[in-house]
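Q: One structure, as structure tokens, below. Some questions next.
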Amino acid sequence: MRISTLSVGDELICGQVTDTNAGTIAARLLEDGLRVQRHLVVGDNEADIISALTELGRISDAIIVTGGLGPTVDDLTSRAAARATGRRLVIHEEARNHARTMSSKLENLIVCPLNDKQAMIPTKSALIPNPNGTACGFHLMHNGSFMFFLPGVPAEMIVMLRETVIPFVLSRVPSKRVIRTVSLNLFGPCEAEVDEMLLGIARPEQGLTLGICVTFPRIKVTLRAEAATDDGATDLLVPAVRVMRERLKEYCYSSGDVSMEDTVAELFRERCLMLSLAESCSGGLIAKRITDIPGSSRYFCEGLVTYSNHAKKRLLGVSDEVLNTFGAVSSECASAMAKGVRLASDSDLGLAVTGIAGPDGGSEDKPAGTVYISLAAPDGCWTKRFQFNGNRDEVRVLTTWTALDWLRRYLLKRE
């Protein structure tokens with residue numbers, strides 16, 4: 001089945017709001033072996049909505065439209081749908097009763113007559129219930145295409161998609177292909193390096209495709225197998241994933257939606273170790289990410305943000321000699337910080353970062369983006385200099401990711 005999506009809203013084409021609905025719909029359909037072939041975004045302009053519906057109608061068996069079903073003057077989707085399909089707009093009593101009931105329940109206010117606008121739908125349309133909002137959706141058939149119209153509010157849209165739209169579409173698909181996917185999350189290599197490492201794994205002619213998506217600073221690699229049966233898709237996917245993992249090796253920190261901090265947390269729990277942090281240029285961001293995970297007190301002892309030299313001396317025992325001779329941004333200082341926080345907290349591991357996030361404060365020898373990371377452990381202390389590119393926020397993000405990745409790699413060696 002050829003499926004297209006259409007997102008409506010000035011806030012989308014102006015960049016004020018990110019269109020998450022399109023991605024959600026595409027991902028949810030793919031779980032059932034259905035692909036979106038075309039996606040359009042238009043503003044709150046009736047003529048543009050009509051044009052988009054007409055264009056998509058010529059190439060689609062089903063069109064899923066989100067947005068523009070509200071009660072305000074810029075909500076024009078219902079009227080555009082009626083005009084595009086040669087229908088009249090009429091009050092749907094069930095939709096009106098729903099809008100009034102939900103409006104009173106959600107807002108605890110006297111029902112506004114404007115909400116009746118949400119009950120206006122084209123003739124010869126079927127209602128799509130909305131358990132979470134005032135605006136019902138609707139669907140209709142026009143020139144051989146099924147058209148589904150849903151609210152733009154993600155929490156409302158996803159329920160209506162799951163409970164009404166997808167079951168309806170699946171009931172009209174004579175025989176669907178089975179699609180199975182595996183996603184691996186990477187940190188460290190650039191996109192070109194990943195592409196080279198995975199050369200030859202994809203076999204599109206056999207139904208095995210590969211996608212590489214960069215979301216700073218990580219990379220997600222998705223392997224997708226499509227076949228007539230579940231066994232066929234699995235037989236394609238499993239050996240390819242094995243090869244992919246072998247090639248990516250230590251760069252792969254997790255699969256699916258598992259975050260870097262989730263992975264680090266699991267490794268700490270398995271090894272029954274405690275961690276303490278001493279942060280300078282990262283300003284507590286590493287501790288924040290670690291404590292985002294529920295139950296982190298089982299492996300996280302404490303975190304210190306020692307931004308000034310005075311704090312480094314007072315809280316971590318960094319000597320005047322180190323600071324005066326090598327400076328606060330140095331291998332020697334990072335090492336002293338890591339050892340100091342480990343000793344002060346009596347933890348198994350002490351990790352420290354110190355650097356120049358920028359844009360000011362750099363020198364020829366140590367330009368902005370220079371960061372030292374040090375890890376103190378029972379079996380030694382290791383320190384490394386990194387040179388990160390980017391603005392202040394990007395340098396801090398890269399620092400936190402690299403620090404967490406250091407922890408991950410160290411813990412993996414301590415089986």
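Going through the structure tokens in order, the chains are called A, B, and so on, while each chain numbers its residues from 1 and the ligands are numbered from 1 in the order shown.
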Looking only at helix (DSSP H, G or I) from DSSP on the backbone, list the matching residues of region 175-376 of chain A as a ChimeraX atom specification.
A: /A:191-197,204-206,230-251,260-271,285-291,296-298,309-316,320-325,331-345
Q: Generate a file of the selected residues that holds C-alpha atoms, formatted as a PDB file, in the first residue's frame.
A:
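Ended up saving to part-v8.pdb:
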```pdb
ATOM      1  CA  GLU A 191      29.771   9.102   9.556  1.00  0.00           C
ATOM      2  CA  ALA A 192      32.228   8.393   6.719  1.00  0.00           C
ATOM      3  CA  GLU A 193      34.201   5.975   8.907  1.00  0.00           C
ATOM      4  CA  VAL A 194      31.035   4.112   9.865  1.00  0.00           C
ATOM      5  CA  ASP A 195      29.993   3.887   6.228  1.00  0.00           C
ATOM      6  CA  GLU A 196      33.366   2.376   5.324  1.00  0.00           C
ATOM      7  CA  MET A 197      33.263  -0.106   8.210  1.00  0.00           C
ATOM      8  CA  PRO A 204      18.902  -4.157  -1.054  1.00  0.00           C
ATOM      9  CA  GLU A 205      18.135  -6.655  -3.805  1.00  0.00           C
ATOM     10  CA  GLN A 206      17.539  -9.274  -1.098  1.00  0.00           C
ATOM     11  CA  ASP A 230       8.929 -13.508   9.865  1.00  0.00           C
ATOM     12  CA  ASP A 231      11.405 -16.372   9.567  1.00  0.00           C
ATOM     13  CA  GLY A 232      12.633 -14.990   6.266  1.00  0.00           C
ATOM     14  CA  ALA A 233      13.241 -11.542   7.745  1.00  0.00           C
ATOM     15  CA  THR A 234      14.987 -13.035  10.782  1.00  0.00           C
ATOM     16  CA  ASP A 235      17.239 -15.206   8.611  1.00  0.00           C
ATOM     17  CA  LEU A 236      18.333 -12.091   6.740  1.00  0.00           C
ATOM     18  CA  LEU A 237      18.813  -9.934   9.820  1.00  0.00           C
ATOM     19  CA  VAL A 238      20.581 -12.109  12.391  1.00  0.00           C
ATOM     20  CA  PRO A 239      23.806 -12.918  10.499  1.00  0.00           C
ATOM     21  CA  ALA A 240      24.056  -9.360   9.178  1.00  0.00           C
ATOM     22  CA  VAL A 241      23.756  -7.929  12.695  1.00  0.00           C
ATOM     23  CA  ARG A 242      26.479 -10.298  13.876  1.00  0.00           C
ATOM     24  CA  VAL A 243      28.839  -9.032  11.173  1.00  0.00           C
ATOM     25  CA  MET A 244      27.879  -5.427  11.916  1.00  0.00           C
ATOM     26  CA  ARG A 245      28.690  -5.807  15.624  1.00  0.00           C
ATOM     27  CA  GLU A 246      32.042  -7.433  14.822  1.00  0.00           C
ATOM     28  CA  ARG A 247      33.040  -4.542  12.589  1.00  0.00           C
ATOM     29  CA  LEU A 248      31.867  -1.770  14.896  1.00  0.00           C
ATOM     30  CA  LYS A 249      33.402  -3.404  17.980  1.00  0.00           C
ATOM     31  CA  GLU A 250      34.023  -0.969  20.840  1.00  0.00           C
ATOM     32  CA  TYR A 251      32.289   1.956  19.110  1.00  0.00           C
ATOM     33  CA  MET A 260      24.972   5.788  27.032  1.00  0.00           C
ATOM     34  CA  GLU A 261      24.186   6.473  30.700  1.00  0.00           C
ATOM     35  CA  ASP A 262      21.897   3.419  30.804  1.00  0.00           C
ATOM     36  CA  THR A 263      24.748   1.274  29.524  1.00  0.00           C
ATOM     37  CA  VAL A 264      27.221   2.722  32.038  1.00  0.00           C
ATOM     38  CA  ALA A 265      24.715   2.252  34.860  1.00  0.00           C
ATOM     39  CA  GLU A 266      24.230  -1.416  34.028  1.00  0.00           C
ATOM     40  CA  LEU A 267      27.985  -2.011  33.931  1.00  0.00           C
ATOM     41  CA  PHE A 268      28.445  -0.387  37.343  1.00  0.00           C
ATOM     42  CA  ARG A 269      25.610  -2.443  38.834  1.00  0.00           C
ATOM     43  CA  GLU A 270      27.034  -5.692  37.438  1.00  0.00           C
ATOM     44  CA  ARG A 271      30.510  -4.966  38.829  1.00  0.00           C
ATOM     45  CA  LEU A 285      26.843  17.766  33.314  1.00  0.00           C
ATOM     46  CA  ILE A 286      28.386  14.320  33.761  1.00  0.00           C
ATOM     47  CA  ALA A 287      26.867  13.971  37.227  1.00  0.00           C
ATOM     48  CA  LYS A 288      23.548  15.154  35.851  1.00  0.00           C
ATOM     49  CA  ARG A 289      23.485  12.461  33.179  1.00  0.00           C
ATOM     50  CA  ILE A 290      24.500   9.748  35.622  1.00  0.00           C
ATOM     51  CA  THR A 291      21.835  10.740  38.149  1.00  0.00           C
ATOM     52  CA  SER A 296      22.064   5.672  40.503  1.00  0.00           C
ATOM     53  CA  SER A 297      22.852   5.981  44.226  1.00  0.00           C
ATOM     54  CA  ARG A 298      23.821   2.297  44.068  1.00  0.00           C
ATOM     55  CA  ASN A 309      41.764  26.737  41.518  1.00  0.00           C
ATOM     56  CA  HIS A 310      40.806  27.382  45.133  1.00  0.00           C
ATOM     57  CA  ALA A 311      38.155  24.648  44.946  1.00  0.00           C
ATOM     58  CA  LYS A 312      40.574  22.245  43.293  1.00  0.00           C
ATOM     59  CA  LYS A 313      43.033  22.768  46.128  1.00  0.00           C
ATOM     60  CA  ARG A 314      40.533  22.785  49.002  1.00  0.00           C
ATOM     61  CA  LEU A 315      38.272  19.911  47.926  1.00  0.00           C
ATOM     62  CA  LEU A 316      40.576  17.704  45.866  1.00  0.00           C
ATOM     63  CA  ASP A 320      50.027  24.693  44.314  1.00  0.00           C
ATOM     64  CA  GLU A 321      53.013  23.172  42.548  1.00  0.00           C
ATOM     65  CA  VAL A 322      50.786  21.424  39.981  1.00  0.00           C
ATOM     66  CA  LEU A 323      48.634  24.495  39.414  1.00  0.00           C
ATOM     67  CA  ASN A 324      51.561  26.925  39.197  1.00  0.00           C
ATOM     68  CA  THR A 325      53.775  24.711  37.062  1.00  0.00           C
ATOM     69  CA  SER A 331      47.293  16.335  32.389  1.00  0.00           C
ATOM     70  CA  GLU A 332      48.875  16.734  35.807  1.00  0.00           C
ATOM     71  CA  CYS A 333      45.912  18.668  37.205  1.00  0.00           C
ATOM     72  CA  ALA A 334      43.344  16.243  35.760  1.00  0.00           C
ATOM     73  CA  SER A 335      45.226  13.314  37.270  1.00  0.00           C
ATOM     74  CA  ALA A 336      45.432  15.013  40.659  1.00  0.00           C
ATOM     75  CA  MET A 337      41.708  15.793  40.527  1.00  0.00           C
ATOM     76  CA  ALA A 338      40.773  12.178  39.713  1.00  0.00           C
ATOM     77  CA  LYS A 339      42.988  10.783  42.464  1.00  0.00           C
ATOM     78  CA  GLY A 340      41.778  13.435  44.886  1.00  0.00           C
ATOM     79  CA  VAL A 341      38.071  12.816  44.412  1.00  0.00           C
ATOM     80  CA  ARG A 342      38.572   9.044  44.619  1.00  0.00           C
ATOM     81  CA  LEU A 343      40.469   9.427  47.886  1.00  0.00           C
ATOM     82  CA  ALA A 344      38.092  11.995  49.380  1.00  0.00           C
ATOM     83  CA  SER A 345      34.989   9.937  48.645  1.00  0.00           C
TER      84      SER A 345
END
```
Q: Give me the residues within 7 Å of Gly133 (chain A) as JSON, numbers by chain, counting only C-alpha atoms and dropping any in the same chain fewer than 2 places off.
A: {"A": [102, 130, 131, 135, 156]}
Q: Just give me the gap between CA of Thr72 (chain A) and CA of Glu55 (chain A) in Å, one decimal is fine.
A: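 These atoms are spaced 26.2 Å apart.
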Q: Rank nothing, just name the residue among A:Tyr253, A:Ala228, A:Arg96, A:Val221 nearest to Arg408 (chain A), using only C-alpha atoms.
A: A:Tyr253
Q: Quote the spacing between CA of Ala377 (chain A) and CA of Leu304 (chain A) in Å to one decimal place.
A: 17.5 Å
Q: Hey, which of A:Ile25, A:Val173, A:Arg79, A:Val159 ends up closest to Arg2 (chain A)? Count only C-alpha atoms.
A: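 Checking each candidate against Arg2 (chain A), we get A:Val173 as the closest.
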